[in-house]
$ cat entry_16.cif   # mmCIF, C-alpha atoms and all ligand atoms
data_run
#
loop_
_atom_site.label_atom_id
_atom_site.label_comp_id
_atom_site.auth_asym_id
_atom_site.auth_seq_id
_atom_site.Cartn_x
_atom_site.Cartn_y
_atom_site.Cartn_z
CA MET A 1 6.56 -12.49 20.53
CA ALA A 2 9.02 -15.31 20.03
CA GLY A 3 8.13 -17.59 17.16
CA GLY A 4 8.95 -18.67 13.67
CA ARG A 5 8.01 -15.72 11.52
CA ARG A 6 10.31 -15.47 8.52
CA ASN A 7 10.24 -13.41 5.38
CA GLU A 8 8.43 -15.34 2.62
CA TRP A 9 10.11 -15.48 -0.76
CA PRO A 10 8.81 -16.31 -4.25
CA PRO A 11 10.34 -19.49 -5.76
CA GLU A 12 12.73 -18.95 -8.66
CA ASP A 13 10.46 -20.54 -11.28
CA TRP A 14 7.78 -17.91 -10.65
CA PHE A 15 9.89 -15.16 -12.19
CA GLY A 16 8.55 -14.18 -15.59
CA LYS A 17 5.09 -15.50 -14.67
CA PHE A 18 4.01 -12.57 -12.52
CA TYR A 19 4.16 -8.81 -12.84
CA LEU A 20 4.15 -6.09 -10.21
CA ALA A 21 1.36 -3.53 -9.93
CA ASP A 22 0.85 -0.49 -7.70
CA LEU A 23 -2.81 0.50 -7.90
CA HIS A 24 -3.03 3.43 -5.47
CA VAL A 25 -1.14 6.66 -6.14
CA HIS A 26 -1.95 10.37 -6.20
CA SER A 27 -1.43 13.11 -8.76
CA ARG A 28 -0.26 16.68 -8.17
CA PHE A 29 -3.97 17.61 -7.93
CA SER A 30 -4.16 15.96 -4.51
CA ARG A 31 -3.18 17.83 -1.36
CA ALA A 32 0.40 17.49 -0.14
CA THR A 33 1.50 15.78 -3.34
CA SER A 34 4.65 16.39 -5.39
CA ARG A 35 4.18 18.71 -8.39
CA GLU A 36 5.87 16.09 -10.53
CA MET A 37 3.10 13.52 -10.10
CA GLY A 38 1.40 12.95 -13.43
CA VAL A 39 1.45 10.54 -16.36
CA PRO A 40 5.03 11.15 -17.64
CA ALA A 41 6.66 10.86 -14.19
CA LEU A 42 4.55 7.82 -13.26
CA ALA A 43 5.55 6.06 -16.49
CA ARG A 44 9.24 6.85 -16.00
CA VAL A 45 9.41 5.94 -12.31
CA ALA A 46 7.27 2.80 -12.67
CA ARG A 47 9.82 1.56 -15.21
CA GLU A 48 12.76 2.31 -12.88
CA LYS A 49 11.05 0.54 -10.00
CA GLY A 50 10.09 -2.48 -12.11
CA LEU A 51 6.32 -1.97 -11.96
CA ALA A 52 4.59 -3.22 -15.11
CA LEU A 53 1.30 -1.61 -14.09
CA VAL A 54 0.54 1.56 -12.15
CA GLY A 55 -2.66 3.33 -11.14
CA THR A 56 -3.30 6.75 -12.62
CA GLY A 57 -4.69 8.05 -9.33
CA ASP A 58 -7.16 10.94 -9.07
CA PHE A 59 -9.26 10.27 -12.19
CA THR A 60 -12.13 12.22 -10.58
CA HIS A 61 -10.25 15.51 -10.86
CA PRO A 62 -11.52 17.40 -13.96
CA GLU A 63 -8.15 18.83 -14.98
CA TYR A 64 -6.29 15.57 -14.39
CA PHE A 65 -8.99 13.65 -16.25
CA ARG A 66 -8.35 15.92 -19.24
CA GLU A 67 -4.64 15.13 -18.95
CA LEU A 68 -5.35 11.39 -18.78
CA SER A 69 -7.61 11.60 -21.86
CA GLU A 70 -4.89 13.42 -23.80
CA LEU A 71 -1.79 11.54 -22.67
CA LEU A 72 -3.08 7.97 -22.46
CA GLU A 73 -4.13 5.65 -25.24
CA PRO A 74 -5.60 2.16 -24.98
CA ALA A 75 -2.96 -0.53 -24.39
CA PRO A 76 -3.16 -3.86 -26.22
CA GLU A 77 -4.31 -5.38 -22.92
CA GLU A 78 -8.07 -5.05 -22.41
CA GLY A 79 -9.13 -2.24 -20.07
CA LEU A 80 -5.62 -0.83 -19.58
CA TYR A 81 -3.83 2.23 -20.96
CA VAL A 82 -0.36 3.37 -21.89
CA TYR A 83 1.41 6.75 -22.10
CA ARG A 84 1.35 7.84 -25.76
CA GLU A 85 5.00 8.93 -25.68
CA ASP A 86 6.12 5.58 -24.23
CA PRO A 87 3.94 2.94 -25.91
CA ASP A 88 6.13 0.02 -24.73
CA GLY A 89 6.25 1.39 -21.20
CA PRO A 90 4.35 0.51 -18.03
CA ARG A 91 0.61 0.07 -18.35
CA PHE A 92 -1.87 2.29 -16.53
CA ILE A 93 -5.05 1.28 -14.74
CA LEU A 94 -7.61 4.03 -14.16
CA SER A 95 -7.78 4.61 -10.40
CA ALA A 96 -8.98 7.19 -7.91
CA GLU A 97 -9.51 7.54 -4.18
CA VAL A 98 -12.67 9.00 -2.67
CA SER A 99 -13.30 10.15 0.90
CA ASN A 100 -16.74 9.73 2.50
CA ILE A 101 -17.50 11.51 5.79
CA PHE A 102 -20.92 10.57 7.12
CA ALA A 103 -23.11 9.44 10.02
CA GLN A 104 -24.18 5.81 10.30
CA ASN A 105 -25.46 3.59 13.14
CA HIS A 106 -25.78 6.37 15.70
CA ARG A 107 -22.27 7.62 15.17
CA LYS A 108 -21.26 10.81 13.44
CA ASN A 109 -17.98 11.37 11.70
CA ARG A 110 -17.42 8.06 9.99
CA ARG A 111 -14.53 8.68 7.65
CA ILE A 112 -13.74 6.10 5.00
CA HIS A 113 -11.36 6.19 2.03
CA THR A 114 -12.09 3.97 -0.95
CA LEU A 115 -9.86 3.08 -3.87
CA ILE A 116 -11.83 2.85 -7.12
CA LEU A 117 -10.71 1.10 -10.32
CA ALA A 118 -12.49 1.64 -13.64
CA PRO A 119 -12.33 -0.27 -16.94
CA SER A 120 -12.27 2.67 -19.40
CA LEU A 121 -12.10 6.43 -19.82
CA GLU A 122 -15.74 6.32 -20.98
CA VAL A 123 -16.82 4.77 -17.69
CA VAL A 124 -14.71 7.31 -15.79
CA ARG A 125 -16.47 10.12 -17.66
CA GLU A 126 -19.82 8.79 -16.39
CA ILE A 127 -18.50 8.31 -12.85
CA ASN A 128 -17.28 11.91 -12.80
CA LEU A 129 -20.58 13.19 -14.14
CA ALA A 130 -22.51 11.36 -11.42
CA LEU A 131 -20.14 12.42 -8.63
CA SER A 132 -19.95 16.06 -9.78
CA ARG A 133 -23.61 16.44 -8.83
CA LEU A 134 -22.82 15.37 -5.25
CA GLY A 135 -19.62 17.22 -4.42
CA ASP A 136 -16.79 19.40 -5.69
CA LEU A 137 -14.45 17.24 -7.78
CA SER A 138 -11.99 20.05 -8.49
CA ALA A 139 -11.29 20.89 -4.83
CA ASP A 140 -8.91 17.95 -4.35
CA GLY A 141 -7.62 14.98 -6.34
CA ARG A 142 -9.20 12.91 -3.58
CA PRO A 143 -12.72 14.38 -3.40
CA THR A 144 -14.84 14.31 -0.24
CA PHE A 145 -18.54 13.46 -0.05
CA GLY A 146 -21.02 13.68 2.81
CA PHE A 147 -23.02 10.51 2.06
CA PRO A 148 -22.42 6.96 3.31
CA VAL A 149 -19.76 5.00 1.47
CA LYS A 150 -22.25 2.20 0.71
CA GLU A 151 -24.19 4.76 -1.39
CA LEU A 152 -21.04 5.33 -3.42
CA VAL A 153 -20.93 1.63 -4.24
CA ARG A 154 -24.65 1.50 -5.11
CA LEU A 155 -24.46 4.63 -7.30
CA LEU A 156 -21.35 3.67 -9.27
CA ARG A 157 -22.38 0.05 -9.79
CA GLN A 158 -25.34 1.37 -11.76
CA ILE A 159 -22.83 2.91 -14.17
CA SER A 160 -20.80 -0.27 -14.64
CA PRO A 161 -20.63 -3.58 -12.74
CA GLU A 162 -16.93 -3.72 -13.70
CA ILE A 163 -15.99 -0.87 -11.34
CA VAL A 164 -13.97 -2.16 -8.38
CA PHE A 165 -14.21 -0.78 -4.83
CA ILE A 166 -11.36 -1.44 -2.42
CA PRO A 167 -11.60 0.01 1.10
CA ALA A 168 -8.25 1.82 1.42
CA HIS A 169 -5.59 1.37 4.15
CA VAL A 170 -8.24 -0.36 6.27
CA TRP A 171 -6.58 -0.02 9.69
CA THR A 172 -5.32 3.57 9.80
CA PRO A 173 -6.84 5.45 12.76
CA TRP A 174 -8.26 8.17 10.52
CA TYR A 175 -10.18 7.55 7.33
CA SER A 176 -10.57 3.80 7.25
CA VAL A 177 -13.09 1.00 7.68
CA PHE A 178 -11.53 -0.34 10.91
CA GLY A 179 -9.89 2.92 12.06
CA SER A 180 -9.87 3.56 15.81
CA PHE A 181 -11.28 7.08 15.39
CA SER A 182 -13.80 6.80 12.63
CA GLY A 183 -14.36 3.25 11.57
CA PHE A 184 -16.48 0.16 12.12
CA ASP A 185 -15.81 -3.29 13.58
CA SER A 186 -16.67 -5.16 10.38
CA VAL A 187 -16.94 -4.66 6.63
CA GLU A 188 -20.61 -5.68 6.84
CA GLU A 189 -21.43 -3.00 9.42
CA CYS A 190 -20.01 -0.38 7.06
CA PHE A 191 -21.25 -1.54 3.67
CA GLU A 192 -24.47 -3.28 4.79
CA GLU A 193 -26.45 -4.50 1.73
CA GLU A 194 -23.56 -3.53 -0.60
CA THR A 195 -21.07 -5.80 1.20
CA GLU A 196 -21.25 -8.48 -1.50
CA HIS A 197 -19.59 -6.01 -3.90
CA ILE A 198 -16.54 -5.65 -1.67
CA PHE A 199 -14.03 -8.44 -2.29
CA ALA A 200 -10.62 -6.88 -1.65
CA LEU A 201 -9.12 -4.78 1.14
CA GLU A 202 -6.00 -2.64 1.09
CA THR A 203 -3.84 -3.45 4.13
CA GLY A 204 -2.02 -0.09 4.12
CA LEU A 205 1.57 0.60 5.11
CA SER A 206 1.01 0.04 8.83
CA SER A 207 -0.32 -3.50 8.50
CA ASP A 208 0.75 -6.59 6.59
CA PRO A 209 -1.11 -9.78 5.61
CA GLU A 210 0.25 -11.58 8.69
CA MET A 211 -1.59 -9.12 10.94
CA ASN A 212 -4.80 -9.39 8.90
CA TRP A 213 -4.71 -13.22 8.89
CA ARG A 214 -5.40 -13.07 12.63
CA VAL A 215 -8.93 -11.79 11.94
CA SER A 216 -11.00 -14.70 10.59
CA ALA A 217 -13.78 -12.30 9.50
CA LEU A 218 -11.39 -11.09 6.77
CA ASP A 219 -10.80 -14.54 5.27
CA ARG A 220 -13.18 -13.90 2.39
CA TYR A 221 -11.32 -10.75 1.27
CA THR A 222 -8.29 -10.56 -0.99
CA LEU A 223 -5.60 -8.46 0.68
CA VAL A 224 -3.84 -5.97 -1.58
CA SER A 225 -0.91 -3.63 -0.95
CA ASN A 226 -0.21 -0.34 -2.66
CA SER A 227 2.11 2.61 -2.13
CA ASP A 228 -0.46 5.43 -1.81
CA ALA A 229 2.49 7.44 -3.18
CA HIS A 230 2.38 11.22 -3.04
CA SER A 231 5.79 11.55 -4.70
CA PRO A 232 7.67 9.58 -7.38
CA ALA A 233 10.25 8.15 -4.98
CA LYS A 234 7.54 6.42 -2.92
CA LEU A 235 6.03 4.58 -5.87
CA GLY A 236 6.02 0.80 -5.43
CA ARG A 237 7.02 0.82 -1.75
CA GLU A 238 4.13 -1.66 -1.55
CA ALA A 239 2.80 -3.57 -4.58
CA ASN A 240 0.94 -6.65 -5.81
CA ALA A 241 2.32 -9.50 -7.90
CA PHE A 242 -0.44 -10.58 -10.30
CA TRP A 243 -0.08 -13.57 -12.59
CA TYR A 244 0.13 -12.98 -16.33
CA PRO A 245 -1.76 -12.49 -18.62
CA MET A 246 -2.34 -8.85 -17.79
CA SER A 247 -5.74 -7.25 -18.41
CA TYR A 248 -8.42 -5.40 -16.46
CA PRO A 249 -10.78 -8.43 -16.37
CA GLU A 250 -7.91 -10.68 -15.19
CA ILE A 251 -7.08 -8.22 -12.40
CA VAL A 252 -10.73 -8.20 -11.30
CA ARG A 253 -10.75 -12.00 -11.37
CA ALA A 254 -7.60 -12.13 -9.23
CA LEU A 255 -9.07 -9.63 -6.76
CA LYS A 256 -12.24 -11.71 -6.50
CA THR A 257 -10.52 -15.07 -6.10
CA GLY A 258 -7.34 -14.09 -4.25
CA ASP A 259 -5.24 -15.70 -6.98
CA LEU A 260 -2.18 -13.45 -6.63
CA ALA A 261 1.44 -14.59 -6.40
CA PHE A 262 2.39 -12.31 -3.51
CA THR A 263 2.26 -8.82 -2.13
CA VAL A 264 5.26 -6.59 -1.51
CA GLU A 265 5.11 -5.26 2.02
CA PHE A 266 6.66 -2.42 3.91
CA TYR A 267 7.63 -3.62 7.37
CA PRO A 268 4.34 -2.68 9.06
CA GLU A 269 6.26 -1.28 12.03
CA GLU A 270 7.61 1.34 9.61
CA GLY A 271 4.11 2.70 9.03
CA LYS A 272 3.32 5.85 10.96
CA TYR A 273 0.40 4.40 12.91
CA HIS A 274 1.69 0.94 13.80
CA PHE A 275 1.83 1.28 17.58
CA ASP A 276 -0.04 3.57 19.97
CA GLY A 277 1.31 6.82 21.29
CA HIS A 278 1.33 10.56 21.70
CA ARG A 279 3.59 12.36 19.29
CA ALA A 280 3.75 15.67 21.20
CA CYS A 281 5.15 13.85 24.24
CA GLY A 282 7.32 11.41 22.30
CA VAL A 283 5.39 8.54 23.89
CA LEU A 284 5.37 5.20 22.06
CA LEU A 285 3.38 2.31 23.53
CA ALA A 286 2.58 -1.29 22.64
CA PRO A 287 -1.16 -2.13 22.79
CA ALA A 288 -0.83 -3.84 26.18
CA GLU A 289 0.94 -0.79 27.62
CA THR A 290 -1.87 1.46 26.38
CA ARG A 291 -4.38 -0.74 28.16
CA ALA A 292 -2.28 -0.61 31.32
CA HIS A 293 -2.35 3.21 31.16
CA GLY A 294 -6.11 3.28 30.60
CA GLY A 295 -5.69 4.77 27.12
CA ARG A 296 -4.13 7.99 28.49
CA CYS A 297 -0.71 9.41 27.75
CA PRO A 298 1.52 8.65 30.76
CA VAL A 299 3.26 12.02 30.32
CA CYS A 300 0.46 14.54 29.80
CA GLY A 301 -2.66 12.51 30.58
CA GLY A 302 -4.14 13.33 27.17
CA ALA A 303 -5.78 10.83 24.84
CA LEU A 304 -3.43 8.46 23.02
CA THR A 305 -3.64 7.82 19.29
CA VAL A 306 -4.56 4.16 19.08
CA GLY A 307 -2.63 2.56 16.23
CA VAL A 308 -3.13 -0.28 13.83
CA MET A 309 -1.69 -3.13 15.92
CA HIS A 310 -4.03 -2.27 18.77
CA ARG A 311 -7.09 -2.35 16.49
CA VAL A 312 -5.97 -5.64 14.95
CA GLU A 313 -5.64 -7.15 18.43
CA GLU A 314 -9.13 -5.92 19.33
CA LEU A 315 -10.68 -7.65 16.32
CA ALA A 316 -8.36 -10.67 16.08
CA ASP A 317 -9.63 -14.14 17.00
CA ARG A 318 -6.40 -15.96 16.15
CA PRO A 319 -2.93 -15.91 17.71
CA GLU A 320 0.03 -14.11 16.21
CA GLY A 321 1.74 -16.25 13.57
CA PHE A 322 -1.44 -17.94 12.31
CA ARG A 323 -1.28 -18.55 8.57
CA PRO A 324 -4.44 -19.56 6.67
CA GLU A 325 -4.04 -21.99 3.75
CA GLY A 326 -3.55 -20.95 0.16
CA ARG A 327 -2.79 -17.25 0.59
CA PRO A 328 -0.47 -15.19 -1.59
CA LEU A 329 3.03 -14.90 -0.11
CA SER A 330 3.87 -11.86 1.99
CA VAL A 331 7.25 -10.45 0.93
CA HIS A 332 8.72 -7.75 3.17
CA LEU A 333 11.15 -5.36 1.52
CA VAL A 334 13.06 -2.22 2.40
CA PRO A 335 13.35 0.41 -0.38
CA LEU A 336 16.68 0.22 -2.22
CA SER A 337 17.58 3.83 -1.45
CA GLU A 338 17.24 3.09 2.29
CA ILE A 339 19.51 0.06 1.95
CA ILE A 340 22.11 2.11 0.08
CA ALA A 341 21.85 4.97 2.57
CA GLU A 342 22.43 2.69 5.52
CA ALA A 343 25.22 0.78 3.81
CA LEU A 344 27.01 4.05 3.06
CA GLY A 345 26.13 5.66 6.39
CA LEU A 346 24.46 8.62 4.65
CA GLY A 347 20.98 10.13 4.55
CA PRO A 348 18.60 8.68 1.91
CA GLN A 349 18.33 12.13 0.28
CA SER A 350 22.09 12.63 -0.09
CA LYS A 351 23.62 13.08 -3.54
CA GLN A 352 25.87 10.06 -3.24
CA VAL A 353 22.93 7.79 -2.36
CA LYS A 354 20.93 9.10 -5.31
CA ARG A 355 23.88 8.64 -7.65
CA THR A 356 24.51 5.09 -6.44
CA TYR A 357 20.78 4.30 -6.77
CA ARG A 358 20.79 5.46 -10.41
CA GLN A 359 23.90 3.46 -11.23
CA LEU A 360 22.55 0.28 -9.68
CA ILE A 361 19.19 0.65 -11.43
CA GLU A 362 20.96 1.14 -14.74
CA LEU A 363 23.09 -1.95 -14.24
CA GLY A 364 20.38 -4.10 -12.64
CA GLY A 365 17.41 -3.14 -14.80
CA SER A 366 15.04 -2.01 -12.06
CA GLU A 367 14.74 -1.66 -8.30
CA PHE A 368 12.60 -4.80 -7.96
CA SER A 369 15.00 -6.77 -10.10
CA LEU A 370 17.72 -5.96 -7.53
CA LEU A 371 15.58 -6.38 -4.43
CA LEU A 372 13.66 -9.48 -5.47
CA GLU A 373 14.88 -11.26 -8.51
CA LYS A 374 18.59 -11.32 -9.30
CA PRO A 375 20.64 -14.09 -7.67
CA TYR A 376 23.47 -12.98 -5.38
CA GLU A 377 26.18 -14.26 -7.77
CA GLU A 378 24.87 -11.95 -10.48
CA LEU A 379 24.49 -9.00 -8.12
CA ALA A 380 28.06 -9.47 -6.89
CA ASP A 381 29.34 -8.38 -10.32
CA PHE A 382 28.16 -4.81 -9.89
CA VAL A 383 26.83 -4.22 -6.36
CA PRO A 384 29.33 -3.03 -3.73
CA ASP A 385 29.84 -5.58 -0.94
CA ARG A 386 28.14 -3.72 1.87
CA ILE A 387 25.06 -2.94 -0.23
CA LEU A 388 24.93 -6.57 -1.32
CA GLU A 389 25.06 -7.61 2.33
CA GLY A 390 22.16 -5.20 2.94
CA LEU A 391 20.14 -6.80 0.13
CA ARG A 392 20.85 -10.24 1.58
CA ARG A 393 19.72 -9.22 5.07
CA VAL A 394 16.53 -7.68 3.69
CA ARG A 395 15.73 -10.83 1.68
CA GLU A 396 16.30 -12.95 4.78
CA GLY A 397 14.25 -10.62 6.96
CA ARG A 398 17.20 -9.82 9.23
CA VAL A 399 16.34 -6.23 10.08
CA PHE A 400 15.46 -4.21 13.16
CA VAL A 401 12.50 -1.86 13.20
CA ARG A 402 11.49 0.77 15.71
CA PRO A 403 7.70 1.02 15.34
CA GLY A 404 5.98 4.14 14.10
CA TYR A 405 3.22 5.81 16.15
CA ASP A 406 0.85 8.81 16.08
CA GLY A 407 2.03 10.05 12.67
CA VAL A 408 5.74 9.33 13.23
CA TYR A 409 7.24 6.84 10.75
CA GLY A 410 9.00 3.80 12.18
CA VAL A 411 12.71 3.33 11.52
CA VAL A 412 14.22 0.26 9.89
CA SER A 413 17.80 -0.59 10.47
CA ILE A 414 19.63 -3.31 8.64
CA PHE A 415 23.18 -3.20 9.92
CA ARG A 416 22.59 -2.74 13.62
CA GLU A 417 23.94 -5.87 15.29
CA GLU A 418 22.73 -5.10 18.79
CA PRO A 419 19.34 -3.60 19.48
CA PRO A 420 19.93 -0.31 21.33
CA GLY A 421 18.60 0.42 24.82
CA GLU A 422 15.04 0.71 23.73
CA GLU A 423 13.36 -2.62 24.15
CA LYS A 424 10.86 -2.13 21.31
CA ASP A 425 13.62 -2.10 18.72
CA SER A 426 14.13 -5.77 19.31
CA LEU A 427 10.54 -6.79 18.69
CA ARG A 428 10.92 -7.58 15.02
CA GLN A 429 14.14 -9.43 15.64
CA GLN A 430 12.45 -11.59 18.27
CA SER A 431 9.49 -12.30 16.08
CA LEU A 432 11.72 -13.28 13.19
CA PHE A 433 13.78 -15.84 15.04
ZN ZN A 501 -6.47 7.45 1.78
ZN ZN A 502 1.08 13.17 25.91
#
$ encode --input "entry_16.cif" --output "structure tokens" --more "lines below"
Ligand SMILES: [Zn+2]
Ligand SMILES: [Zn+2]
Amino acid sequence: MAGGRRNEWPPEDWFGKFYLADLHVHSRFSRATSREMGVPALARVAREKGLALVGTGDFTHPEYFRELSELLEPAPEEGLYVYREDPDGPRFILSAEVSNIFAQNHRKNRRIHTLILAPSLEVVREINLALSRLGDLSADGRPTFGFPVKELVRLLRQISPEIVFIPAHVWTPWYSVFGSFSGFDSVEECFEEETEHIFALETGLSSDPEMNWRVSALDRYTLVSNSDAHSPAKLGREANAFWYPMSYPEIVRALKTGDLAFTVEFYPEEGKYHFDGHRACGVLLAPAETRAHGGRCPVCGGALTVGVMHRVEELADRPEGFRPEGRPLSVHLVPLSEIIAEALGLGPQSKQVKRTYRQLIELGGSEFSLLLEKPYEELADFVPDRILEGLRRVREGRVFVRPGYDGVYGVVSIFREEPPGEEKDSLRQQSLF
């Protein structure tokens, strides 16, 4: 694992030329989603985070679609919308996620999630009409269908060739194109004759571009990163930096050509399916350890949940650290509230952390402005020393991460000088230096 992997950072003269966009979120009409999630909260929180563009999420849901039609109006930028009450605020792109559960190539129970982008409310109306004949759109903000996902692409492309299909969180064990439980070994095997209409893949929280660059079969796809937020606080934990000018056709062009500035990445180890393991037994294993144990939990003998890193290694044909030419930068960040919490030695939900977060956002403009943009000299005027040191360590990639597994989130730590007893905590540190 030793080797020169450092955090990549956008050059200073790029600032002002790109904007940040989070395309994949959910509304309160999706299961297990905060009741706050809707247009007003998305507009407010996107502004605090420093996102200039945010997905609406869930446009297939009849009640939410009514809300979108009432609360949004066309923005000056082609194909985008804005909250009527906040016309200078963040722009909205019409987005939804669909789940297909189907049999294909002699295997039942293929489960694929797809992020869909649409160029107008009129097109969304037609999409919803077509899909309402094939499943229950009001059951969940992320509706489920029983037909192959390639049929979804074929059907919706007849409505508009401008609709974009992005296989979502492509490595998660459940519900993804390459998932260990329900997926395929290639995009082509899944989408067959519709493959040419797939040009971007969402890496998901548990993988980053570096991991995906190891699979040469993915070279032709643009890698995007989104939060998949189910609550306002999670918005923008991953995002994409598109070049201005902003418009729906420009976003489609960037997704087709890969002409993005960078993506904002969660440390993939923080994702809850990064490594292999068995949650009930508290067993966390690296891919090689899983192989050594024959895929069984060393405690109970049950089946292990095979995580994202394992699947990447199965499909990879390049060594760790390989970087193809001309790709957008991969910028790893830790959410500001986590940095504050660790600097203050408090939980991220504590009142003091929330208060400090609000103060810093007010003084700094937005979360991304603090995390990414402002020079240290400027930050030093209003950011307490220890939090500033945290920001510096995050920018330099000097953090420790204990990998997530089998539904358990990984843990990032910024201020730990010595990795504790557990050997896996030191992995990121080793790979960074
Ligand atoms: Zn999903
Ligand atoms: Zn077990």
$ residues_around --input "entry_16.cif" --residues "region 107-112 of chain A" --least-positions-apart "6" --cutoff "7 Å" --atoms "all atoms listed in the file" --output "ChimeraX atom specification"
/A:99-101,174-177,182-183
$ atom_distance --input "entry_16.cif" --atom1 "CA of Arg31 (chain A)" --atom2 "CA of Pro232 (chain A)"
14.9 Å
$ closest_residue --input "entry_16.cif" --among "A:Ser247, A:Asn105, A:Ser30, A:Ser186" --to "ligand ZN 501 (chain A)" --atoms "all atoms listed in the file"
A:Ser30
$ residues_near_ligand --input "entry_16.cif" --ligand "ligand ZN 501 (chain A)" --cutoff "8 Å" --atoms "only C-alpha atoms and all ligand atoms" --output "NGL selection string"
:A and (97-99 or 113-115 or 168-169 or 175-176 or 228)
$ closest_residue --input "entry_16.cif" --among "A:Val82, A:Ala32, A:Ala21, A:Ala280" --to "ligand ZN 502 (chain A)" --atoms "only C-alpha atoms and all ligand atoms"
A:Ala280
$ closest_residue --input "entry_16.cif" --among "A:Pro245, A:Pro161, A:Gly277, A:Gly271" --to "Arg296 (chain A)" --atoms "only C-alpha atoms"
A:Gly277
$ closest_atom_pairs --input "entry_16.cif" --of "region 324-397 of chain A" --to "region 42-49 of chain A" --cutoff "12 Å" --atoms "only C-alpha atoms" --output "CSV"
residue,atom,partner,partner_atom,distance
A:Pro335,CA,A:Lys49,CA,9.9
A:Leu336,CA,A:Lys49,CA,9.6
A:Ser337,CA,A:Lys49,CA,11.3
A:Tyr357,CA,A:Glu48,CA,10.3
A:Arg358,CA,A:Glu48,CA,9.0
A:Gln359,CA,A:Glu48,CA,11.3
A:Leu360,CA,A:Glu48,CA,10.5
A:Ile361,CA,A:Glu48,CA,6.8
A:Glu362,CA,A:Glu48,CA,8.5
A:Leu363,CA,A:Glu48,CA,11.3
A:Gly364,CA,A:Glu48,CA,10.0
A:Gly365,CA,A:Glu48,CA,7.4
A:Ser366,CA,A:Glu48,CA,5.0
A:Glu367,CA,A:Lys49,CA,4.6
A:Phe368,CA,A:Lys49,CA,5.9
A:Ser369,CA,A:Lys49,CA,8.3
A:Leu370,CA,A:Lys49,CA,9.6
A:Leu371,CA,A:Lys49,CA,10.0
A:Leu372,CA,A:Lys49,CA,11.3
$ residues_near_ligand --input "entry_16.cif" --ligand "ligand ZN 502 (chain A)" --cutoff "10 Å" --atoms "only C-alpha atoms and all ligand atoms" --output "ChimeraX atom specification"
/A:277-284,296-305
$ atom_distance --input "entry_16.cif" --atom1 "CA of Asn226 (chain A)" --atom2 "CA of Gly204 (chain A)"
7.0 Å
$ closest_residue --input "entry_16.cif" --among "A:Glu151, A:Asp140, A:Glu238, A:Glu188" --to "Gly57 (chain A)" --atoms "all atoms listed in the file"
A:Asp140
$ residues_around --input "entry_16.cif" --residues "Glu265 (chain A)" --least-positions-apart "3" --cutoff "8 Å" --atoms "all atoms listed in the file" --output "ChimeraX atom specification"
/A:205,208,225,237-239,268,330-333
$ atom_distance --input "entry_16.cif" --atom1 "CA of Ser34 (chain A)" --atom2 "CA of Leu235 (chain A)"
11.9 Å
$ closest_residue --input "entry_16.cif" --among "A:Leu20, A:Leu80, A:Ile198, A:Val25" --to "Ser231 (chain A)" --atoms "only C-alpha atoms"
A:Val25
$ residues_around --input "entry_16.cif" --residues "Leu23 (chain A)" --least-positions-apart "6" --cutoff "7 Å" --atoms "all atoms listed in the file" --output "ChimeraX atom specification"
/A:54-55,95,226
$ residues_near_point --input "entry_16.cif" --point "(3.0, -13.4, 10.4)" --cutoff "7 Å" --atoms "all atoms listed in the file" --output "ChimeraX atom specification"
/A:5,210-211,320-323
$ write_last_selection --input "entry_16.cif" --atoms "C-alpha atoms" --output "compact mmCIF listing (two decimals), in the coordinates of the input"
# COMPACT_ATOMS: atom_id res chain seq x y z
CA ARG A 5 8.01 -15.72 11.52
CA GLU A 210 0.25 -11.58 8.69
CA MET A 211 -1.59 -9.12 10.94
CA GLU A 320 0.03 -14.11 16.21
CA GLY A 321 1.74 -16.25 13.57
CA PHE A 322 -1.44 -17.94 12.31
CA ARG A 323 -1.28 -18.55 8.57
$ closest_residue --input "entry_16.cif" --among "A:Trp9, A:Glu193, A:Lys17, A:Val408" --to "Arg395 (chain A)" --atoms "only C-alpha atoms"
A:Trp9
